[in-house]
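Please read the structure below before turning to the comments.
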Amino acid sequence: MTPDTEPRLNWWNRMANPGQFVAWTTPLLWPLVILTAVLFVLGFWFAFFNSPEDYQMGDTVRIMYVHVPNAWLSQFVYAIMSVSALGTLVWRHPMADVSMKAAAPLGALFTALALFTGALWGRPTWGTFWEWDGRMTSTLVLLLIYLGLVALWRAFDDQLRAARVIAVFTLVGAINIPIIKFSVDWWSTLHQPASVFRPDGPRMPMSILVPLFVMFFAFTFLFLVLHLKAMHTEVKRRRVMTLKRRLAQGGPA
Amino acid sequence: MSGFAAMLRRELRLSLRGGGDVLTLVLFFIIVGAIVPFAVGPDRTLLAAIAPGIVWIAAFLAMLLGLERLFRPDHEDGALVLLRQAELPLSAIVAAKLIVHWLVSAVPLLLATPVLAVLLAMDLDSFGRTMISLALGTPALAAFGAIGAAVTVSIRRGGLIAPILIAPLSIPVLIFGVGSITSPQSGAATLFLAALSLMAVALAPFAAALAISSAED
Amino acid sequence: MTDRQVFSPLRLSASGLSCGRGGIALSTDIGFELANGHALLLRGPNGTGKTTLLLTLAGVIAPLAGSFAAEGADPDTRWLHYCGHRNAIKARLTVLEDLSFWAEINGPTGMAPREALAEVGLGTLDGLDAGFLSAGQSRRLALARLLVSLRPVWLLDEPTAALDTEGHALVTRLLDRHLGMGGLAIAATHDPITLSDPTRLGVLQLERAP
């Protein structure tokens, strides 16, 4: 019944205030943008000019440098959302709400990109845009979960109240995703033998691994930049909403 | 425990006096199943091959339809706020609602399955397997549905968004449910289905109670 | 006071309480102390957050700032009744079924349901489907819930809404007896309430948040 009023760690407290959070993290934004841009330039240079063609797939292997980082992000973003959901439910941290909300559309975007690049890659490699293969299918289900979360955020009028409810659903999804993955793998091996090209990590030569790693970091930093900016936007959007409502109620803005 | 029994009794009374809700669900289930032959043609071998999938889709849709009455009426007339003040924990209240929801929506579907089996040219063996797989799998459908209904209870038109949330979660139920009827590894699928139901039913009351108490008034 | 004291000592105290919805404070810096046998009336024009304050005290809405504590409350049992402006009555249950359900789920520690129905003036209607009750009768049924389970704190939101003059007297009588038993009550109402012992009654005037 008694609200928690004990003092917490200083940086934690400072992070908990949305205004302070924005003020604190804004200086980080430009350096991160520059870092991301440098990584992308480097990564694309490697990917286009300094990595070998595949002896079977030729130039199309280069799609991998975009596809694999996106596929990684599609899961990494959900992990970020789940940690934020814990932050919302357990510590009632206001920025965790914002982080959760900002991550959902980005997760949907990267998952959609992973599917899209996968389809582009699949056409010349397997001869079809879409195959009901285990990985693609579970990525599709993941995309549906992301889109459901985005729709859920939009359906709530009161975003503060929405956060805890959506956090519950995010965590239920986090428990379910491994089960979905397992069931889909079981299902797809049942209907067709696993015949999909799989870039098994350790056996790849360094000339492919290096550009892959650079692109991997480039996309991860791209997500971090977009996420941070989206969080700032969300903080500002909430402030505008509050002011509007206060104005509508006849109070001073 | 008398509180739990009282909750079960109240929910049963409300559902059974609900003016034909149960009948509506059963009719919906049969109609979804019966409409498929019009779309794919009356070929008996084809129908028999896809019948397990059709029955599961029809059951999934019918159970979605019944979710609206799980928490929404209590939310709208203010009972949900009072239930949160009850001596009985909210998770137990949700568990009672879940049990009754399964009894009044899944059990009638099971009883109506013979009708679909005849219409879809199922043989006796796959009919028996279908009954077992529906009996084992519908608790998981009900549990995921309860989570979706709890998450959307405070949204004014949450009935539209709940299926979008529930469908991805229910994919494993459909996979193992149909798998336990048709696949060569049906034994394994049946076990997975039972495990999934156990897990979902154990998790759902707590997740749904947390969602409801987070949704505030 | 000759009344039997049923409830153990309990002290409600709020300080610097600020409550609202959607992050907007409706009322700020609310403070009060309430001890056994006393009631607090919340007054204030519409939109000053009376309902929100009651829901905050009931633990349904988290306070934006400040604290609210109940000293002496048994943490293992529920110690408050909330009676909101919605009556939470199921049209398809009979009056007695509805009340008995709440008695069992909240703990049948108070009056027997039939007795409580007679008390609120619904004694002859116990077999009627609750959907046929009028607005005032529904309100009486909602009030009967307070009687079937003994809880020391009552949070009442417009308890006299839709009630006739006799109903107003009923609310006063119920409050009188509850306070006499050592209970506490916080009520938001626009109607005048006169208790037999006016010293038991405090008033908290809510202002629109600046």
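Each chain in the structure tokens gets a letter, A, B and so on, in the order shown; residues start at 1 in every chain, and ligands are counted from 1 in the order they appear.
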
To test your reading of the structure, identify every residue in range 37-126 of chain C that backbone DSSP assigns to strand (DSSP E), and report it as a count of residues only. 16

If we count only C-alpha atoms, which residues of chain C reach to within 9 Å of chain A? Please list them as a list in words.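 Listed by rising number, the hits are Arg21, Gly22, Gly23, Ile24, Leu57, Ala58, Gly59, Ala62, Pro63, Ala65, Gly66, Ser67, Phe68, Ala69, Ala70, Ala209 and Pro210 of chain C.
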
Please find the residues of chain B near chain A - the criterion being any atom within 10 Å, counting only C-alpha atoms - and write them as a VMD selection string. chain B and resid 144 147 to 148 150 to 158 160 to 176 179 183 to 185 189 192 196 200 203 to 204 206 to 217

Export of the given selection (C-alpha atoms) as a PDB file, in the first residue's frame:
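What ended up in part-v4.pdb:
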```
ATOM      1  CA  PHE B 144      -3.612 -18.406 -24.266  1.00  0.00           C
ATOM      2  CA  ILE B 147      -4.047 -14.134 -21.440  1.00  0.00           C
ATOM      3  CA  GLY B 148      -5.061 -12.273 -24.595  1.00  0.00           C
ATOM      4  CA  ALA B 150      -6.854 -10.116 -19.906  1.00  0.00           C
ATOM      5  CA  VAL B 151      -4.332  -7.971 -21.770  1.00  0.00           C
ATOM      6  CA  THR B 152      -7.046  -6.322 -23.848  1.00  0.00           C
ATOM      7  CA  VAL B 153      -9.748  -6.048 -21.188  1.00  0.00           C
ATOM      8  CA  SER B 154      -9.305  -2.340 -20.547  1.00  0.00           C
ATOM      9  CA  ILE B 155      -9.202  -1.450 -24.245  1.00  0.00           C
ATOM     10  CA  ARG B 156     -12.588  -0.285 -25.377  1.00  0.00           C
ATOM     11  CA  ARG B 157     -12.626  -2.364 -28.544  1.00  0.00           C
ATOM     12  CA  GLY B 158     -10.191  -4.982 -27.323  1.00  0.00           C
ATOM     13  CA  LEU B 160     -10.741  -6.809 -32.216  1.00  0.00           C
ATOM     14  CA  ILE B 161      -7.143  -6.894 -31.148  1.00  0.00           C
ATOM     15  CA  ALA B 162      -7.191  -9.966 -28.899  1.00  0.00           C
ATOM     16  CA  PRO B 163      -7.194 -12.509 -31.784  1.00  0.00           C
ATOM     17  CA  ILE B 164      -4.145 -10.801 -33.318  1.00  0.00           C
ATOM     18  CA  LEU B 165      -2.264 -11.351 -30.082  1.00  0.00           C
ATOM     19  CA  ILE B 166      -3.535 -14.850 -29.416  1.00  0.00           C
ATOM     20  CA  ALA B 167      -3.030 -16.365 -32.870  1.00  0.00           C
ATOM     21  CA  PRO B 168       0.809 -16.356 -32.905  1.00  0.00           C
ATOM     22  CA  LEU B 169       0.904 -17.822 -29.411  1.00  0.00           C
ATOM     23  CA  SER B 170      -1.481 -20.577 -30.462  1.00  0.00           C
ATOM     24  CA  ILE B 171       0.566 -21.770 -33.436  1.00  0.00           C
ATOM     25  CA  PRO B 172       2.318 -24.534 -31.438  1.00  0.00           C
ATOM     26  CA  VAL B 173      -1.092 -25.785 -30.284  1.00  0.00           C
ATOM     27  CA  LEU B 174      -2.263 -26.063 -33.876  1.00  0.00           C
ATOM     28  CA  ILE B 175       0.973 -27.716 -34.994  1.00  0.00           C
ATOM     29  CA  PHE B 176       0.977 -30.373 -32.299  1.00  0.00           C
ATOM     30  CA  GLY B 179       0.338 -33.390 -35.759  1.00  0.00           C
ATOM     31  CA  SER B 183       1.780 -37.115 -38.548  1.00  0.00           C
ATOM     32  CA  PRO B 184       3.874 -40.265 -38.452  1.00  0.00           C
ATOM     33  CA  GLN B 185       5.211 -39.084 -35.090  1.00  0.00           C
ATOM     34  CA  ALA B 189       3.055 -34.725 -30.887  1.00  0.00           C
ATOM     35  CA  PHE B 192       4.071 -32.216 -26.667  1.00  0.00           C
ATOM     36  CA  LEU B 196       1.963 -27.425 -23.777  1.00  0.00           C
ATOM     37  CA  ALA B 200      -0.139 -22.838 -20.541  1.00  0.00           C
ATOM     38  CA  LEU B 203       1.072 -19.952 -16.476  1.00  0.00           C
ATOM     39  CA  ALA B 204      -2.135 -18.290 -17.642  1.00  0.00           C
ATOM     40  CA  PHE B 206      -0.781 -15.649 -13.039  1.00  0.00           C
ATOM     41  CA  ALA B 207      -0.070 -13.809 -16.275  1.00  0.00           C
ATOM     42  CA  ALA B 208      -3.725 -12.876 -16.746  1.00  0.00           C
ATOM     43  CA  ALA B 209      -4.092 -11.769 -13.114  1.00  0.00           C
ATOM     44  CA  LEU B 210      -0.983  -9.615 -13.449  1.00  0.00           C
ATOM     45  CA  ALA B 211      -2.312  -8.084 -16.652  1.00  0.00           C
ATOM     46  CA  ILE B 212      -5.695  -7.367 -15.082  1.00  0.00           C
ATOM     47  CA  SER B 213      -4.274  -5.770 -11.982  1.00  0.00           C
ATOM     48  CA  SER B 214      -1.917  -3.712 -14.139  1.00  0.00           C
ATOM     49  CA  ALA B 215      -4.736  -2.496 -16.322  1.00  0.00           C
ATOM     50  CA  GLU B 216      -6.098  -0.573 -13.333  1.00  0.00           C
ATOM     51  CA  ASP B 217      -9.656   0.526 -13.523  1.00  0.00           C
TER      52      ASP B 217
END
```

Give me, as a ChimeraX atom specification, the contact residues of chain B against chain C at a cut-off of 12 Å, counting only C-alpha atoms. /B:1-19,73-90,92-93,212-217

Compile the contact shell of Thr233 in chain A as a ChimeraX atom specification: residues with an atom at most 12 Å away, counting only C-alpha atoms, same-chain residues fewer than 6 positions apart removed. /A:18-19,22,26,98-99,101-102,226-227,239-240

How about saving the chosen residues, N, CA and C atoms kept, as a short mmCIF file (atom, residue, chain, number, x, y, z; two decimals), in the first residue's frame?
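Output below, filename result36.cif:
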```
data_model
loop_
_atom_site.label_atom_id
_atom_site.label_comp_id
_atom_site.auth_asym_id
_atom_site.auth_seq_id
_atom_site.Cartn_x
_atom_site.Cartn_y
_atom_site.Cartn_z
N PRO A 18 12.44 11.22 -17.06
CA PRO A 18 12.54 11.27 -18.52
C PRO A 18 13.32 12.47 -19.04
N GLY A 19 13.10 13.63 -18.41
CA GLY A 19 13.81 14.83 -18.86
C GLY A 19 15.31 14.67 -18.69
N VAL A 22 16.80 12.30 -21.25
CA VAL A 22 17.04 12.91 -22.56
C VAL A 22 18.27 13.79 -22.50
N THR A 26 21.45 12.74 -24.88
CA THR A 26 21.53 13.48 -26.14
C THR A 26 22.97 13.63 -26.62
N VAL A 98 9.25 3.42 -21.87
CA VAL A 98 9.57 4.14 -23.10
C VAL A 98 10.43 3.25 -24.00
N SER A 99 11.40 2.57 -23.39
CA SER A 99 12.28 1.70 -24.18
C SER A 99 11.49 0.58 -24.84
N LYS A 101 8.30 0.59 -25.62
CA LYS A 101 7.45 1.08 -26.69
C LYS A 101 8.25 1.43 -27.93
N ALA A 102 9.42 2.04 -27.72
CA ALA A 102 10.23 2.46 -28.86
C ALA A 102 10.80 1.26 -29.61
N LEU A 226 18.69 4.33 -33.48
CA LEU A 226 17.26 4.53 -33.75
C LEU A 226 16.45 4.37 -32.46
N HIS A 227 16.84 3.41 -31.64
CA HIS A 227 16.12 3.16 -30.40
C HIS A 227 16.21 4.36 -29.47
N ARG A 239 5.23 14.39 -23.30
CA ARG A 239 5.17 15.71 -22.69
C ARG A 239 4.12 16.56 -23.40
N VAL A 240 4.10 16.46 -24.73
CA VAL A 240 3.12 17.23 -25.50
C VAL A 240 1.70 16.79 -25.13
#
```

What gap, in Å, lies between CA of Leu32 in chain A and CA of Val77 in chain A? 17.8 Å

Contact residues around range 41-52 of chain A with only C-alpha atoms at 7 Å, ignoring same-chain residues under 6 positions, as a list of chain:residue names: A:Arg62, A:Tyr65, A:Ser207, A:Ile208, A:Pro211, A:Val214, A:Met215

Print the selection's residues with N, CA and C atoms to a file, as a JSON list (two decimals), in the first residue's frame.
```json
[["chain", "number", "residue", "atom", "x", "y", "z"],
["A", 62, "ARG", "N", 26.35, -12.02, -51.23],
["A", 62, "ARG", "CA", 26.53, -10.76, -50.51],
["A", 62, "ARG", "C", 25.26, -10.32, -49.79],
["A", 65, "TYR", "N", 25.32, -10.44, -45.98],
["A", 65, "TYR", "CA", 25.85, -9.41, -45.09],
["A", 65, "TYR", "C", 24.76, -8.48, -44.57],
["A", 207, "SER", "N", 37.64, -14.28, -44.79],
["A", 207, "SER", "CA", 37.28, -13.24, -45.75],
["A", 207, "SER", "C", 35.78, -12.98, -45.75],
["A", 208, "ILE", "N", 34.99, -13.95, -45.27],
["A", 208, "ILE", "CA", 33.55, -13.71, -45.15],
["A", 208, "ILE", "C", 33.22, -13.27, -43.75],
["A", 211, "PRO", "N", 33.79, -9.15, -42.93],
["A", 211, "PRO", "CA", 32.71, -8.24, -43.31],
["A", 211, "PRO", "C", 31.40, -8.53, -42.58],
["A", 214, "VAL", "N", 31.63, -6.87, -39.24],
["A", 214, "VAL", "CA", 31.51, -5.41, -39.31],
["A", 214, "VAL", "C", 30.05, -5.02, -39.54],
["A", 215, "MET", "N", 29.39, -5.71, -40.45],
["A", 215, "MET", "CA", 27.99, -5.39, -40.73],
["A", 215, "MET", "C", 27.10, -5.67, -39.53]]
```

Output as a ChimeraX atom specification all residues of range 34-139 of chain A that backbone DSSP marks as helix (DSSP H, G or I). /A:34-49,59-91,94-126,134-139

For the selection you just gave me, I'd like the residues written to a file as a compact mmCIF listing (two decimals), in the first residue's frame, keeping C-alpha atoms.
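Once written, again-v8.txt looks like this:
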```
# COMPACT_ATOMS: atom_id res chain seq x y z
CA ILE A 34 29.06 8.81 -36.75
CA LEU A 35 30.22 5.43 -35.47
CA THR A 36 27.30 3.71 -37.19
CA ALA A 37 28.00 5.52 -40.46
CA VAL A 38 31.70 4.59 -40.36
CA LEU A 39 30.84 0.96 -39.65
CA PHE A 40 28.39 0.88 -42.55
CA VAL A 41 30.89 2.43 -45.00
CA LEU A 42 33.51 -0.06 -43.89
CA GLY A 43 31.08 -2.94 -43.96
CA PHE A 44 29.75 -2.17 -47.43
CA TRP A 45 33.26 -1.71 -48.78
CA PHE A 46 34.20 -5.14 -47.46
CA ALA A 47 30.95 -6.67 -48.61
CA PHE A 48 31.09 -5.37 -52.17
CA PHE A 49 34.79 -5.18 -52.98
CA ASP A 59 27.41 -12.53 -56.07
CA THR A 60 24.12 -13.26 -54.37
CA VAL A 61 26.04 -14.44 -51.32
CA ARG A 62 26.53 -10.76 -50.51
CA ILE A 63 22.88 -10.53 -49.45
CA MET A 64 24.02 -12.47 -46.42
CA TYR A 65 25.85 -9.41 -45.09
CA VAL A 66 22.52 -7.65 -44.75
CA HIS A 67 20.34 -10.65 -44.04
CA VAL A 68 22.23 -12.20 -41.13
CA PRO A 69 22.56 -8.97 -39.06
CA ASN A 70 18.83 -8.32 -39.54
CA ALA A 71 17.98 -11.83 -38.47
CA TRP A 72 20.15 -11.36 -35.39
CA LEU A 73 18.49 -8.02 -34.61
CA SER A 74 15.01 -9.51 -34.92
CA GLN A 75 15.84 -11.58 -31.85
CA PHE A 76 18.09 -9.10 -30.09
CA VAL A 77 15.34 -6.45 -30.11
CA TYR A 78 12.93 -8.87 -28.49
CA ALA A 79 15.53 -9.53 -25.79
CA ILE A 80 15.82 -5.76 -25.23
CA MET A 81 12.04 -5.52 -25.00
CA SER A 82 11.87 -8.38 -22.52
CA VAL A 83 14.50 -6.81 -20.27
CA SER A 84 12.59 -3.51 -20.49
CA ALA A 85 9.38 -5.36 -19.64
CA LEU A 86 11.06 -6.70 -16.51
CA GLY A 87 12.18 -3.16 -15.72
CA THR A 88 8.60 -1.99 -16.01
CA LEU A 89 7.07 -4.78 -13.95
CA VAL A 90 9.69 -5.24 -11.26
CA TRP A 91 11.25 -1.82 -10.81
CA PRO A 94 9.55 4.94 -16.32
CA MET A 95 12.23 4.75 -18.99
CA ALA A 96 11.72 1.00 -19.30
CA ASP A 97 8.17 1.74 -20.54
CA VAL A 98 9.57 4.14 -23.10
CA SER A 99 12.28 1.70 -24.18
CA MET A 100 9.73 -1.08 -24.60
CA LYS A 101 7.45 1.08 -26.69
CA ALA A 102 10.23 2.46 -28.86
CA ALA A 103 11.69 -1.00 -29.53
CA ALA A 104 8.49 -2.66 -30.81
CA PRO A 105 8.23 -0.98 -34.25
CA LEU A 106 12.01 -1.25 -34.71
CA GLY A 107 11.84 -4.96 -33.97
CA ALA A 108 9.04 -5.31 -36.50
CA LEU A 109 11.11 -3.36 -39.05
CA PHE A 110 14.26 -5.47 -38.65
CA THR A 111 12.26 -8.70 -38.66
CA ALA A 112 10.49 -7.63 -41.84
CA LEU A 113 13.87 -6.75 -43.38
CA ALA A 114 15.22 -10.15 -42.38
CA LEU A 115 12.28 -11.83 -44.11
CA PHE A 116 12.55 -9.56 -47.15
CA THR A 117 16.29 -10.09 -47.63
CA GLY A 118 15.76 -13.77 -46.96
CA ALA A 119 13.18 -13.90 -49.73
CA LEU A 120 15.49 -12.01 -52.12
CA TRP A 121 18.24 -14.45 -51.28
CA GLY A 122 15.95 -17.44 -51.54
CA ARG A 123 14.79 -16.67 -55.08
CA PRO A 124 18.14 -17.27 -56.82
CA THR A 125 19.29 -19.88 -54.30
CA TRP A 126 16.26 -22.11 -53.82
CA GLY A 134 11.71 -23.69 -39.90
CA ARG A 135 13.73 -20.50 -39.66
CA MET A 136 11.66 -18.44 -42.04
CA THR A 137 8.43 -19.62 -40.50
CA SER A 138 9.42 -18.82 -36.95
CA THR A 139 10.72 -15.42 -38.10
```

Using only C-alpha atoms, which residue out of A:Val150, A:Ala23, A:Val33, A:Ala16 lies closest to His232 in chain A?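 Ranked by minimum distance to His232 in chain A, first place goes to A:Ala23.
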
So the first atom is CA of Val210 in chain A and the second is CA of Leu222 in chain A; what is the distance between them in Å, to one decimal place? 18.3 Å

Find the residues near Ala48 in chain B: any atom within 9 Å, counting only C-alpha atoms, skip ones fewer than 2 places away on the same chain, and give them as number ranges by chain. B: 43-46, 50-52, 117, 120-123

Residue subset to file, keeping N, CA and C atoms, as a PDB file, in the first residue's frame:
```pdb
ATOM      1  N   ASP B  43     -14.754 -33.374 -52.898  1.00  0.00           N
ATOM      2  CA  ASP B  43     -13.953 -34.580 -53.071  1.00  0.00           C
ATOM      3  C   ASP B  43     -13.677 -35.238 -51.714  1.00  0.00           C
ATOM      4  N   ARG B  44     -14.164 -36.453 -51.528  1.00  0.00           N
ATOM      5  CA  ARG B  44     -14.104 -37.069 -50.193  1.00  0.00           C
ATOM      6  C   ARG B  44     -12.675 -37.361 -49.743  1.00  0.00           C
ATOM      7  N   THR B  45     -11.800 -37.769 -50.674  1.00  0.00           N
ATOM      8  CA  THR B  45     -10.425 -38.072 -50.244  1.00  0.00           C
ATOM      9  C   THR B  45      -9.705 -36.802 -49.818  1.00  0.00           C
ATOM     10  N   LEU B  46      -9.923 -35.734 -50.588  1.00  0.00           N
ATOM     11  CA  LEU B  46      -9.298 -34.463 -50.204  1.00  0.00           C
ATOM     12  C   LEU B  46      -9.825 -34.010 -48.848  1.00  0.00           C
ATOM     13  N   ILE B  50      -7.737 -33.253 -45.258  1.00  0.00           N
ATOM     14  CA  ILE B  50      -7.580 -31.977 -44.564  1.00  0.00           C
ATOM     15  C   ILE B  50      -8.525 -31.836 -43.379  1.00  0.00           C
ATOM     16  N   ALA B  51      -9.345 -32.845 -43.128  1.00  0.00           N
ATOM     17  CA  ALA B  51     -10.338 -32.722 -42.058  1.00  0.00           C
ATOM     18  C   ALA B  51      -9.738 -32.367 -40.690  1.00  0.00           C
ATOM     19  N   PRO B  52      -8.627 -33.016 -40.248  1.00  0.00           N
ATOM     20  CA  PRO B  52      -8.097 -32.648 -38.929  1.00  0.00           C
ATOM     21  C   PRO B  52      -7.745 -31.166 -38.837  1.00  0.00           C
ATOM     22  N   ALA B 117     -17.067 -34.693 -38.215  1.00  0.00           N
ATOM     23  CA  ALA B 117     -16.374 -35.892 -38.692  1.00  0.00           C
ATOM     24  C   ALA B 117     -17.154 -36.538 -39.830  1.00  0.00           C
ATOM     25  N   LEU B 120     -17.043 -34.241 -42.987  1.00  0.00           N
ATOM     26  CA  LEU B 120     -15.738 -34.142 -43.633  1.00  0.00           C
ATOM     27  C   LEU B 120     -15.153 -35.507 -43.961  1.00  0.00           C
ATOM     28  N   ALA B 121     -15.970 -36.541 -43.921  1.00  0.00           N
ATOM     29  CA  ALA B 121     -15.566 -37.878 -44.373  1.00  0.00           C
ATOM     30  C   ALA B 121     -14.370 -38.433 -43.610  1.00  0.00           C
ATOM     31  N   MET B 122     -14.324 -38.184 -42.309  1.00  0.00           N
ATOM     32  CA  MET B 122     -13.245 -38.749 -41.494  1.00  0.00           C
ATOM     33  C   MET B 122     -13.496 -40.236 -41.271  1.00  0.00           C
ATOM     34  N   ASP B 123     -12.398 -41.026 -41.211  1.00  0.00           N
ATOM     35  CA  ASP B 123     -12.604 -42.416 -40.814  1.00  0.00           C
ATOM     36  C   ASP B 123     -12.587 -42.506 -39.287  1.00  0.00           C
TER      37      ASP B 123
END
```

Tell me, in Å to one decimal, how far CA of Ser91 in chain B is from CA of Leu96 in chain C.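 Atom-to-atom, CA of Ser91 in chain B to CA of Leu96 in chain C, that is 25.6 Å.
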
Could you pull the residues within 12 Å of Ile30 in chain C, counting only C-alpha atoms, minus those fewer than 4 positions along the same chain, as a compact mmCIF listing (two decimals) with N, CA and C atoms, in the first residue's frame?
```
# COMPACT_ATOMS: atom_id res chain seq x y z
N SER C 13 -3.46 6.94 7.39
CA SER C 13 -2.85 8.26 7.27
C SER C 13 -2.31 8.44 5.86
N ALA C 14 -2.61 9.61 5.33
CA ALA C 14 -2.12 9.96 4.00
C ALA C 14 -1.37 11.26 4.13
N SER C 15 -0.26 11.38 3.43
CA SER C 15 0.42 12.67 3.43
C SER C 15 1.00 12.95 2.06
N GLY C 16 0.81 14.18 1.65
CA GLY C 16 1.35 14.62 0.37
C GLY C 16 0.87 13.81 -0.81
N LEU C 17 -0.30 13.20 -0.65
CA LEU C 17 -0.79 12.28 -1.67
C LEU C 17 -1.24 13.05 -2.90
N SER C 18 -0.80 12.59 -4.03
CA SER C 18 -1.20 13.22 -5.27
C SER C 18 -1.70 12.12 -6.18
N CYS C 19 -2.93 12.27 -6.66
CA CYS C 19 -3.42 11.18 -7.50
C CYS C 19 -4.06 11.72 -8.75
N GLY C 20 -4.06 10.89 -9.75
CA GLY C 20 -4.59 11.29 -11.04
C GLY C 20 -4.51 10.14 -11.99
N ALA C 25 -2.10 14.96 -12.69
CA ALA C 25 -2.61 15.02 -11.31
C ALA C 25 -3.97 15.71 -11.30
N LEU C 26 -4.95 15.08 -10.65
CA LEU C 26 -6.25 15.72 -10.49
C LEU C 26 -6.29 16.47 -9.18
N LEU C 42 -15.48 13.28 1.40
CA LEU C 42 -14.74 13.98 0.35
C LEU C 42 -15.71 14.89 -0.36
N THR C 48 -12.58 16.88 -9.64
CA THR C 48 -11.48 17.17 -8.72
C THR C 48 -10.85 15.88 -8.21
N GLY C 49 -11.26 14.75 -8.75
CA GLY C 49 -10.54 13.52 -8.45
C GLY C 49 -11.02 12.79 -7.21
N LYS C 50 -12.31 12.90 -6.88
CA LYS C 50 -12.80 12.17 -5.71
C LYS C 50 -12.76 10.66 -5.96
N LEU C 53 -9.23 9.45 -6.11
CA LEU C 53 -8.63 9.34 -4.78
C LEU C 53 -9.08 8.04 -4.11
N LEU C 54 -10.38 7.74 -4.21
CA LEU C 54 -10.87 6.50 -3.60
C LEU C 54 -10.22 5.28 -4.23
N THR C 56 -7.33 5.22 -5.62
CA THR C 56 -5.94 5.20 -5.18
C THR C 56 -5.84 4.59 -3.79
N LEU C 57 -6.76 5.01 -2.90
CA LEU C 57 -6.74 4.45 -1.54
C LEU C 57 -7.03 2.95 -1.57
N PRO C 63 -0.50 5.86 -6.66
CA PRO C 63 -0.44 7.31 -6.44
C PRO C 63 0.72 7.91 -7.23
N LEU C 64 0.53 9.18 -7.66
CA LEU C 64 1.60 9.84 -8.40
C LEU C 64 2.71 10.27 -7.46
N ALA C 65 2.34 10.61 -6.23
CA ALA C 65 3.34 11.02 -5.24
C ALA C 65 2.73 10.85 -3.87
N GLY C 66 3.57 10.92 -2.86
CA GLY C 66 3.07 10.85 -1.50
C GLY C 66 2.86 9.43 -1.03
N SER C 67 2.30 9.33 0.16
CA SER C 67 2.15 7.98 0.73
C SER C 67 0.81 7.85 1.43
N PHE C 68 0.35 6.61 1.48
CA PHE C 68 -0.87 6.28 2.19
C PHE C 68 -0.59 5.00 2.95
N LEU C 204 -13.07 16.59 3.95
CA LEU C 204 -11.87 16.91 3.19
C LEU C 204 -12.32 17.56 1.90
N GLN C 205 -11.97 18.82 1.75
CA GLN C 205 -12.38 19.56 0.56
C GLN C 205 -11.31 19.39 -0.51
N LEU C 206 -11.69 18.84 -1.66
CA LEU C 206 -10.71 18.67 -2.74
C LEU C 206 -10.79 19.86 -3.68
N GLU C 207 -9.63 20.31 -4.10
CA GLU C 207 -9.55 21.42 -5.05
C GLU C 207 -8.98 20.89 -6.35
N ARG C 208 -9.29 21.59 -7.40
CA ARG C 208 -8.68 21.22 -8.68
C ARG C 208 -7.17 21.46 -8.59
N ALA C 209 -6.42 20.53 -9.13
CA ALA C 209 -4.96 20.65 -9.06
C ALA C 209 -4.52 21.87 -9.85
```

Nearby residues (only C-alpha atoms) at most 9 Å from Leu110 in chain B, same-chain spacing under 3 positions excluded, as a list in words: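 Neighbouring residues, sequence-local ones excluded: Ala59, Ala106, Val107, Thr113, Pro114, Met131, Leu134 and Ala135 of chain B.
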